[in-house]
>>> print(open('input-v8.csv').read())   # CSV, C-alpha atoms and all ligand atoms
chain,number,residue,atom,x,y,z
A,276,MET,CA,187.9,55.5,253.4
A,277,LYS,CA,188.1,51.9,254.5
A,278,ILE,CA,191.1,50.1,253.1
A,279,PHE,CA,191.4,46.3,253.7
A,280,TYR,CA,194.8,44.6,253.7
A,281,THR,CA,196.0,41.0,254.1
A,282,ASP,CA,199.7,41.2,253.6
A,283,THR,CA,200.3,40.2,257.2
A,284,PHE,CA,199.4,36.6,256.1
A,285,PRO,CA,202.5,35.2,254.4
A,286,ILE,CA,202.7,33.9,250.8
A,287,PRO,CA,205.5,31.3,251.1
A,288,LEU,CA,207.5,31.3,247.8
A,289,PRO,CA,210.9,30.0,246.8
A,290,GLU,CA,213.6,32.6,246.3
A,291,ASN,CA,213.6,34.4,243.0
A,292,HIS,CA,210.0,33.4,242.3
A,293,ASN,CA,208.5,35.8,239.6
A,294,PHE,CA,205.5,36.8,241.8
A,295,PRO,CA,206.1,40.2,243.4
A,296,LYS,CA,204.5,39.5,246.7
A,297,GLU,CA,206.4,42.3,248.5
A,298,LYS,CA,204.2,44.9,246.7
A,299,TYR,CA,201.4,44.4,249.1
A,300,TYR,CA,203.4,45.2,252.2
A,301,LEU,CA,205.2,48.1,250.5
A,302,LEU,CA,201.9,49.6,249.3
A,303,ARG,CA,200.4,49.4,252.8
A,304,VAL,CA,203.5,51.1,254.3
A,305,ARG,CA,203.4,53.8,251.6
A,306,ILE,CA,199.8,54.5,252.3
A,307,SER,CA,200.2,54.7,256.1
A,308,GLU,CA,203.2,57.0,255.7
A,309,ARG,CA,201.8,59.4,253.2
A,310,LEU,CA,198.1,59.6,253.9
A,311,SER,CA,196.5,61.1,256.9
A,312,ASP,CA,194.9,58.8,259.5
A,313,GLN,CA,191.8,61.0,259.2
A,314,LEU,CA,191.4,60.0,255.5
A,315,ILE,CA,192.0,56.3,255.8
A,316,ASP,CA,190.9,53.5,257.9
A,317,LEU,CA,193.2,50.4,257.4
A,318,GLN,CA,191.6,47.1,258.5
A,319,ILE,CA,192.2,43.4,258.2
A,320,PRO,CA,189.0,41.8,256.9
A,321,GLU,CA,187.3,38.6,258.0
A,322,PRO,CA,188.3,35.6,255.8
A,323,ALA,CA,185.7,34.6,253.1
A,324,SER,CA,183.5,31.8,254.4
A,325,SER,CA,183.2,28.4,252.6
A,326,GLU,CA,179.6,29.3,252.0
A,327,ALA,CA,180.6,32.5,250.2
A,328,ILE,CA,183.3,30.8,248.2
A,329,LEU,CA,181.0,28.0,247.1
A,330,ARG,CA,178.7,30.5,245.4
A,331,ALA,CA,181.3,30.9,242.7
A,332,HIS,CA,183.3,27.6,242.8
A,333,ASP,CA,183.0,23.9,242.5
A,334,ALA,CA,182.7,22.1,245.8
A,335,GLU,CA,185.2,19.4,244.9
A,336,TYR,CA,187.8,21.9,243.7
A,337,ILE,CA,187.5,23.8,246.9
A,338,ARG,CA,187.8,20.7,249.0
A,339,ARG,CA,191.0,19.7,247.2
A,340,LEU,CA,192.4,23.3,247.4
A,341,PHE,CA,191.7,23.5,251.2
A,342,GLU,CA,193.0,20.0,251.9
A,343,GLY,CA,196.1,20.2,249.7
A,344,ASP,CA,194.8,17.6,247.4
A,345,LEU,CA,195.4,19.4,244.0
A,346,THR,CA,197.4,17.7,241.3
A,347,ASP,CA,200.8,19.0,240.3
A,348,LYS,CA,199.4,20.1,237.0
A,349,GLU,CA,196.7,22.1,238.7
A,350,ILE,CA,199.2,23.8,240.9
A,351,ARG,CA,201.5,24.5,237.9
A,352,ARG,CA,198.6,26.2,236.2
A,353,VAL,CA,198.4,28.7,239.0
A,354,GLY,CA,202.2,29.2,239.2
A,355,LEU,CA,202.3,29.5,243.0
A,356,PRO,CA,203.3,26.7,245.3
A,357,TRP,CA,200.4,25.3,247.4
A,358,SER,CA,200.7,25.7,251.1
A,359,PRO,CA,198.2,25.9,254.0
A,360,GLN,CA,199.4,29.5,254.4
A,361,ILE,CA,198.6,30.5,250.8
A,362,VAL,CA,195.1,29.1,251.3
A,363,GLU,CA,194.6,31.2,254.4
A,364,ARG,CA,196.0,34.3,252.6
A,365,THR,CA,193.7,33.7,249.7
A,366,ARG,CA,190.6,33.4,251.9
A,367,TYR,CA,191.5,36.7,253.6
A,368,SER,CA,192.2,38.4,250.3
A,369,VAL,CA,188.7,37.3,249.0
A,370,GLY,CA,187.3,38.5,252.3
A,371,ALA,CA,188.9,41.9,251.7
A,372,THR,CA,187.0,42.3,248.4
A,373,ILE,CA,183.8,41.2,250.1
A,374,ALA,CA,184.4,43.7,252.9
A,375,ALA,CA,185.3,46.5,250.4
A,376,CYS,CA,182.0,45.9,248.5
A,377,ARG,CA,180.0,46.0,251.8
A,378,ALA,CA,181.8,49.2,252.9
A,379,ALA,CA,181.2,50.8,249.5
A,380,PHE,CA,177.5,50.9,250.2
A,381,SER,CA,177.9,53.1,253.2
A,382,ASP,CA,181.0,55.1,252.1
A,383,ARG,CA,180.6,55.1,248.3
A,384,VAL,CA,184.2,53.9,247.8
A,385,ALA,CA,186.4,51.3,249.5
A,386,VAL,CA,189.5,49.4,248.7
A,387,ASN,CA,191.1,46.0,248.8
A,388,LEU,CA,194.9,46.3,248.7
A,389,GLY,CA,195.0,43.0,247.0
A,390,GLY,CA,192.4,40.9,245.1
A,391,GLY,CA,191.4,41.1,241.5
A,392,THR,CA,192.2,37.4,241.1
A,393,HIS,CA,190.3,37.2,237.8
A,394,HIS,CA,191.9,34.1,236.3
A,395,ALA,CA,190.3,31.7,238.8
A,396,PHE,CA,187.6,29.6,237.1
A,397,HIS,CA,184.7,27.7,238.6
A,398,ASP,CA,186.7,24.5,239.1
A,399,HIS,CA,190.3,25.5,238.7
A,400,GLY,CA,192.8,28.2,239.4
A,401,LYS,CA,195.2,29.8,236.9
A,402,GLY,CA,197.7,32.6,236.5
A,403,PHE,CA,198.5,33.4,240.2
A,404,CYS,CA,194.7,33.1,241.0
A,405,TRP,CA,193.1,30.4,243.2
A,406,LEU,CA,189.7,32.0,243.9
A,407,ASN,CA,187.7,34.5,242.0
A,408,ASP,CA,187.2,37.3,244.5
A,409,SER,CA,185.1,39.5,242.2
A,410,VAL,CA,182.4,36.9,241.6
A,411,ILE,CA,182.4,35.6,245.2
A,412,ALA,CA,182.0,39.2,246.5
A,413,ALA,CA,179.3,40.0,243.9
A,414,ARG,CA,177.3,37.0,245.0
A,415,ALA,CA,177.9,37.8,248.7
A,416,MET,CA,176.4,41.2,248.2
A,417,GLN,CA,173.4,39.6,246.5
A,418,ALA,CA,173.0,37.1,249.3
A,419,GLU,CA,173.2,39.9,251.9
A,420,GLY,CA,170.5,41.8,249.9
A,421,LEU,CA,172.8,44.8,249.3
A,422,ALA,CA,172.8,44.5,245.5
A,423,GLU,CA,171.0,42.7,242.7
A,424,ASN,CA,173.2,43.6,239.7
A,425,ILE,CA,177.0,44.0,239.8
A,426,LEU,CA,179.2,45.5,237.1
A,427,ILE,CA,182.8,44.3,237.1
A,428,VAL,CA,185.2,46.8,235.3
A,429,ASP,CA,188.4,44.9,234.7
A,430,CYS,CA,191.3,47.2,233.7
A,431,ASP,CA,194.1,44.7,234.4
A,432,VAL,CA,196.0,44.2,231.1
A,433,HIS,CA,195.1,40.5,231.1
A,434,GLN,CA,191.5,39.5,230.2
A,435,GLY,CA,189.4,38.6,233.2
A,436,ASP,CA,188.8,35.1,231.7
A,437,GLY,CA,187.8,33.3,234.9
A,438,THR,CA,185.3,36.0,235.8
A,439,ALA,CA,183.8,36.0,232.3
A,440,ALA,CA,183.5,32.2,232.4
A,441,ILE,CA,181.9,31.9,235.8
A,442,ALA,CA,179.5,34.8,235.1
A,443,ARG,CA,178.8,33.8,231.5
A,444,ASP,CA,175.2,32.6,232.1
A,445,ASP,CA,174.6,35.0,235.0
A,446,PRO,CA,172.5,38.0,233.9
A,447,THR,CA,173.0,39.7,237.3
A,448,ILE,CA,176.8,40.2,236.8
A,449,PHE,CA,178.1,42.2,233.8
A,450,THR,CA,181.7,41.7,233.0
A,451,PHE,CA,183.6,44.4,231.1
A,452,SER,CA,187.3,43.6,230.4
A,453,ILE,CA,189.7,46.0,228.6
A,454,HIS,CA,193.0,44.2,227.9
A,455,GLY,CA,195.9,43.5,225.6
A,456,LYS,CA,194.8,41.5,222.6
A,457,ASN,CA,198.2,39.6,222.5
A,458,ASN,CA,198.5,39.2,226.3
A,459,PHE,CA,197.9,36.1,228.4
A,460,PRO,CA,195.3,34.4,228.4
A,461,TYR,CA,195.9,33.3,224.8
A,462,ASN,CA,192.5,31.6,224.6
A,463,LYS,CA,190.2,34.3,225.6
A,464,GLU,CA,186.7,33.8,227.1
A,465,THR,CA,183.7,36.0,226.2
A,466,SER,CA,182.9,38.8,228.7
A,467,ASP,CA,179.7,40.8,228.4
A,468,LEU,CA,182.0,43.4,226.9
A,469,ASP,CA,185.5,42.9,225.7
A,470,ILE,CA,187.8,45.6,224.4
A,471,GLU,CA,191.0,44.2,223.0
A,472,LEU,CA,194.0,46.6,222.5
A,473,GLU,CA,197.0,46.3,220.2
A,474,ASP,CA,200.6,46.0,221.4
A,475,GLY,CA,202.0,49.4,222.3
A,476,THR,CA,198.6,51.1,222.9
A,477,ASP,CA,199.3,54.6,224.3
A,478,ASP,CA,197.5,56.6,226.9
A,479,LYS,CA,195.1,58.5,224.6
A,480,THR,CA,194.0,55.4,222.6
A,481,TYR,CA,193.5,53.5,225.8
A,482,LEU,CA,191.5,56.2,227.5
A,483,ASP,CA,189.3,56.8,224.5
A,484,ALA,CA,188.5,53.0,224.3
A,485,LEU,CA,187.9,52.8,228.1
A,486,GLU,CA,185.5,55.7,228.0
A,487,LYS,CA,183.4,54.1,225.3
A,488,GLY,CA,183.4,50.8,227.2
A,489,LEU,CA,182.3,52.5,230.4
A,490,ILE,CA,179.4,54.3,228.6
A,491,GLU,CA,178.4,51.1,226.8
A,492,SER,CA,178.5,49.0,230.1
A,493,THR,CA,176.2,51.4,232.0
A,494,GLN,CA,173.9,51.8,229.0
A,495,ARG,CA,173.5,48.0,228.6
A,496,PHE,CA,173.4,47.1,232.3
A,497,ASN,CA,171.6,48.7,235.3
A,498,ALA,CA,174.1,48.1,238.1
A,499,ASP,CA,173.8,48.6,241.8
A,500,LEU,CA,177.5,48.2,242.5
A,501,VAL,CA,180.8,48.4,240.6
A,502,ILE,CA,183.9,46.3,241.3
A,503,TYR,CA,186.9,48.0,239.7
A,504,LEU,CA,190.1,46.0,239.0
A,505,ALA,CA,192.9,48.5,238.8
A,506,GLY,CA,195.8,46.4,237.6
A,507,THR,CA,199.1,48.2,237.1
A,508,ASP,CA,200.1,46.0,234.3
A,509,PRO,CA,199.0,48.2,231.4
A,510,TYR,CA,202.1,50.2,232.4
A,511,ARG,CA,204.7,50.5,229.6
A,512,LYS,CA,207.5,48.9,231.6
A,513,ASP,CA,205.5,45.9,232.8
A,514,ARG,CA,207.2,42.6,232.2
A,515,TYR,CA,204.0,40.8,231.2
A,516,GLY,CA,201.9,43.6,229.7
A,517,ARG,CA,202.3,44.6,226.1
A,518,LEU,CA,200.6,48.1,226.3
A,519,ALA,CA,202.5,51.4,226.7
A,520,LEU,CA,200.6,53.5,229.3
A,521,THR,CA,202.4,56.0,231.4
A,522,LYS,CA,201.9,56.5,235.1
A,523,ALA,CA,200.0,59.7,234.3
A,524,GLY,CA,197.9,57.8,231.9
A,525,LEU,CA,197.1,55.2,234.5
A,526,ALA,CA,196.1,57.9,237.0
A,527,GLN,CA,193.8,59.3,234.3
A,528,ARG,CA,192.4,55.8,233.8
A,529,ASP,CA,191.5,55.6,237.5
A,530,HIS,CA,190.0,59.0,237.4
A,531,LEU,CA,187.9,58.2,234.3
A,532,VAL,CA,186.5,55.0,235.9
A,533,LEU,CA,185.7,56.6,239.2
A,534,LYS,CA,184.2,59.7,237.6
A,535,HIS,CA,182.0,57.6,235.4
A,536,VAL,CA,180.9,55.5,238.4
A,537,LYS,CA,180.1,58.6,240.4
A,538,GLU,CA,178.1,60.1,237.6
A,539,SER,CA,176.2,56.9,237.4
A,540,LYS,CA,175.5,57.2,241.2
A,541,LEU,CA,177.1,53.9,242.0
A,542,PRO,CA,179.2,52.6,244.9
A,543,VAL,CA,182.5,51.1,244.0
A,544,ALA,CA,184.9,48.6,245.5
A,545,VAL,CA,188.5,48.9,244.1
A,546,ALA,CA,190.8,45.9,243.9
A,547,MET,CA,194.5,46.1,242.9
A,548,ALA,CA,194.8,43.1,240.6
A,549,GLY,CA,198.1,42.5,238.7
A,550,GLY,CA,201.3,44.3,238.2
A,551,TYR,CA,204.8,43.1,237.3
A,552,ALA,CA,207.0,46.1,236.5
A,553,PRO,CA,210.7,45.2,237.1
A,554,GLU,CA,211.1,48.0,239.6
A,555,ILE,CA,208.7,47.2,242.4
A,556,GLN,CA,208.5,50.8,243.4
A,557,ASP,CA,206.8,51.5,240.0
A,558,ILE,CA,204.1,49.0,240.9
A,559,VAL,CA,203.6,50.6,244.3
A,560,ASP,CA,203.6,54.1,242.8
A,561,ILE,CA,200.8,53.2,240.4
A,562,HIS,CA,198.7,51.4,243.1
A,563,HIS,CA,199.3,54.4,245.4
A,564,GLN,CA,198.0,56.8,242.9
A,565,THR,CA,194.9,54.6,242.5
A,566,ILE,CA,194.3,55.0,246.2
A,567,GLU,CA,194.8,58.7,246.1
A,568,THR,CA,192.4,59.1,243.2
A,569,THR,CA,189.8,56.9,245.0
A,570,LEU,CA,190.1,59.1,248.0
A,571,GLU,CA,189.0,62.1,245.9
A,572,PHE,CA,185.7,60.3,245.3
A,573,GLN,CA,185.0,59.2,248.9
A,574,GLY,CA,182.4,60.4,251.2
A,575,GLU,CA,179.9,61.9,248.9
A,576,THR,CA,176.5,60.5,249.4
A,577,ILE,CA,174.8,58.8,246.5
A,578,ASP,CA,171.4,60.2,245.5
A,579,GLN,CA,168.7,57.7,245.4
A,580,LYS,CA,168.5,56.2,241.9
A,581,ASP,CA,165.3,56.7,240.0
B,601,ZN,ZN,197.3,41.1,234.9
>>> encode(input="input-v8.csv", output="structure tokens")
Amino acid sequence: MKIFYTDTFPIPLPENHNFPKEKYYLLRVRISERLSDQLIDLQIPEPASSEAILRAHDAEYIRRLFEGDLTDKEIRRVGLPWSPQIVERTRYSVGATIAACRAAFSDRVAVNLGGGTHHAFHDHGKGFCWLNDSVIAARAMQAEGLAENILIVDCDVHQGDGTAAIARDDPTIFTFSIHGKNNFPYNKETSDLDIELEDGTDDKTYLDALEKGLIESTQRFNADLVIYLAGTDPYRKDRYGRLALTKAGLAQRDHLVLKHVKESKLPVAVAMAGGYAPEIQDIVDIHHQTIETTLEFQGETIDQKD
């Protein structure tokens, strides 16, 4: 299974910043220590091209992002300091989702060890997200002729508001977001399908709701590809999430999504999205179990769809 990583490109942050950037490196190390080389193929992707990025974003926003010409207010809204390095890292991270989508067509499953930056809008960034990798990757697959219709299954605890807004009038991208009702963003956008969950939602309630959402998504939309955002922040100890899933529940979540995707005979690219548990090893544990679960679904050929 191809696994794309970008943690070798630094994210310069002041000390004690609340973004847990170490998780990316720790996850890659955990994967390379615990999983056999015969199962995994770790690769650094190509960075996303400007052409690809501009399929989802406003040209003037991208110019100002690349040239360091954003206002203080725009940078504060993202919550990460701007630097040339962070722009480079972001382009590689988007490239990793594009590469994972492409690989999914030959291998059925593929992974980006980052990505899932779903709060990025057409003309601004927000909530640790500068560029919307899911929409950029979806449109890259369309431009390459690999897919016409892409289903985005967003299981990060925060609504995929940027994704919903960019794809709102795009009938070729179906956005399904299952998230905490009282979590950021406080002004929600309208996805094609939103499932909002109460504070303290447990494993069973979550999994029942997710299953219904998956069934509805594939009934309403005839996808060629799924992009799955496997955020760890529905975890009960997450600092920013308000749900109460256990690690076992999150493993069942991954299994449920991947099983449904397999039964629908669809390739899937998995992106990690957010996670803010106070113990960084908890974040790494949950992402790692997503990788292990994804591995169970690799390599089986997809029958031709009717
Ligand atoms: Zn999140």
>>> atom_distance(input="input-v8.csv", atom1="CA of Glu326 in chain A", atom2="CA of Phe496 in chain A")
27.3 Å
>>> atom_distance(input="input-v8.csv", atom1="CA of Leu472 in chain A", atom2="CA of Glu571 in chain A")
28.5 Å
>>> residues_around(input="input-v8.csv", residues="range 351-361 of chain A", least_positions_apart="6", cutoff="10 Å", atoms="all atoms listed in the file", output="MDAnalysis selection string")
chainID A and resid 284:289 292:294 340:345 367 394:395 399:405
>>> write_last_selection(input="input-v8.csv", atoms="C-alpha atoms", output="PDB file, in the frame of the given file")
ATOM      1  CA  PHE A 284     199.400  36.600 256.100  1.00  0.00           C
ATOM      2  CA  PRO A 285     202.500  35.200 254.400  1.00  0.00           C
ATOM      3  CA  ILE A 286     202.700  33.900 250.800  1.00  0.00           C
ATOM      4  CA  PRO A 287     205.500  31.300 251.100  1.00  0.00           C
ATOM      5  CA  LEU A 288     207.500  31.300 247.800  1.00  0.00           C
ATOM      6  CA  PRO A 289     210.900  30.000 246.800  1.00  0.00           C
ATOM      7  CA  HIS A 292     210.000  33.400 242.300  1.00  0.00           C
ATOM      8  CA  ASN A 293     208.500  35.800 239.600  1.00  0.00           C
ATOM      9  CA  PHE A 294     205.500  36.800 241.800  1.00  0.00           C
ATOM     10  CA  LEU A 340     192.400  23.300 247.400  1.00  0.00           C
ATOM     11  CA  PHE A 341     191.700  23.500 251.200  1.00  0.00           C
ATOM     12  CA  GLU A 342     193.000  20.000 251.900  1.00  0.00           C
ATOM     13  CA  GLY A 343     196.100  20.200 249.700  1.00  0.00           C
ATOM     14  CA  ASP A 344     194.800  17.600 247.400  1.00  0.00           C
ATOM     15  CA  LEU A 345     195.400  19.400 244.000  1.00  0.00           C
ATOM     16  CA  TYR A 367     191.500  36.700 253.600  1.00  0.00           C
ATOM     17  CA  HIS A 394     191.900  34.100 236.300  1.00  0.00           C
ATOM     18  CA  ALA A 395     190.300  31.700 238.800  1.00  0.00           C
ATOM     19  CA  HIS A 399     190.300  25.500 238.700  1.00  0.00           C
ATOM     20  CA  GLY A 400     192.800  28.200 239.400  1.00  0.00           C
ATOM     21  CA  LYS A 401     195.200  29.800 236.900  1.00  0.00           C
ATOM     22  CA  GLY A 402     197.700  32.600 236.500  1.00  0.00           C
ATOM     23  CA  PHE A 403     198.500  33.400 240.200  1.00  0.00           C
ATOM     24  CA  CYS A 404     194.700  33.100 241.000  1.00  0.00           C
ATOM     25  CA  TRP A 405     193.100  30.400 243.200  1.00  0.00           C
TER      26      TRP A 405
END
>>> residues_near_ligand(input="input-v8.csv", ligand="ligand ZN 601 (chain B)", cutoff="7 Å", atoms="all atoms listed in the file", output="PDB file with C-alpha atoms, in the frame of the given file")
ATOM      1  CA  ASP A 431     194.100  44.700 234.400  1.00  0.00           C
ATOM      2  CA  VAL A 432     196.000  44.200 231.100  1.00  0.00           C
ATOM      3  CA  HIS A 433     195.100  40.500 231.100  1.00  0.00           C
ATOM      4  CA  GLY A 506     195.800  46.400 237.600  1.00  0.00           C
ATOM      5  CA  ASP A 508     200.100  46.000 234.300  1.00  0.00           C
ATOM      6  CA  ALA A 548     194.800  43.100 240.600  1.00  0.00           C
ATOM      7  CA  GLY A 549     198.100  42.500 238.700  1.00  0.00           C
ATOM      8  CA  GLY A 550     201.300  44.300 238.200  1.00  0.00           C
TER       9      GLY A 550
END
>>> closest_atom_pairs(input="input-v8.csv", of="range 340-415 of chain A", to="range 313-322 of chain A", cutoff="6 Å", atoms="only C-alpha atoms", output="Markdown table")
| residue | atom | partner | partner_atom | distance |
| --- | --- | --- | --- | --- |
| A:Arg366 | CA | A:Pro322 | CA | 5.0 |
| A:Tyr367 | CA | A:Pro322 | CA | 4.0 |
| A:Gly370 | CA | A:Pro322 | CA | 4.7 |
| A:Ala371 | CA | A:Pro320 | CA | 5.2 |
>>> write_last_selection(input="input-v8.csv", atoms="C-alpha atoms", output="PDB file, in the coordinates of the input")
ATOM      1  CA  ARG A 366     190.600  33.400 251.900  1.00  0.00           C
ATOM      2  CA  TYR A 367     191.500  36.700 253.600  1.00  0.00           C
ATOM      3  CA  GLY A 370     187.300  38.500 252.300  1.00  0.00           C
ATOM      4  CA  ALA A 371     188.900  41.900 251.700  1.00  0.00           C
TER       5      ALA A 371
END
>>> residues_around(input="input-v8.csv", residues="Lys522 in chain A", least_positions_apart="6", cutoff="12 Å", atoms="only C-alpha atoms", output="PyMOL selection string")
chain A and resi 477-478+507-513+528-529+552+557-565
>>> residues_around(input="input-v8.csv", residues="Lys277 in chain A", least_positions_apart="2", cutoff="12 Å", atoms="only C-alpha atoms", output="NGL selection string")
:A and (279-280 or 312-320 or 371-372 or 374-388 or 543-545 or 566 or 569-570 or 573-574)
>>> residues_around(input="input-v8.csv", residues="Arg495 in chain A", least_positions_apart="6", cutoff="12 Å", atoms="only C-alpha atoms", output="list in words")
Asn424, Leu426, Pro446, Ile448, Phe449, Thr450, Phe451, Asp467, Leu468, Gly488 and Leu489 of chain A
>>> write_last_selection(input="input-v8.csv", atoms="C-alpha atoms", output="compact mmCIF listing (two decimals), in the frame of the given file")
# COMPACT_ATOMS: atom_id res chain seq x y z
CA ASN A 424 173.20 43.60 239.70
CA LEU A 426 179.20 45.50 237.10
CA PRO A 446 172.50 38.00 233.90
CA ILE A 448 176.80 40.20 236.80
CA PHE A 449 178.10 42.20 233.80
CA THR A 450 181.70 41.70 233.00
CA PHE A 451 183.60 44.40 231.10
CA ASP A 467 179.70 40.80 228.40
CA LEU A 468 182.00 43.40 226.90
CA GLY A 488 183.40 50.80 227.20
CA LEU A 489 182.30 52.50 230.40
>>> closest_residue(input="input-v8.csv", among="A:Thr568, A:Asn407, A:Gln556, A:Ser492", to="Lys298 in chain A", atoms="all atoms listed in the file")
A:Gln556
>>> residues_around(input="input-v8.csv", residues="Thr465 in chain A", least_positions_apart="5", cutoff="9 Å", atoms="only C-alpha atoms", output="list in words")
Asp436, Ala439, Ala440 and Arg443 of chain A
>>> atom_distance(input="input-v8.csv", atom1="CA of Tyr300 in chain A", atom2="CA of Asp282 in chain A")
5.6 Å
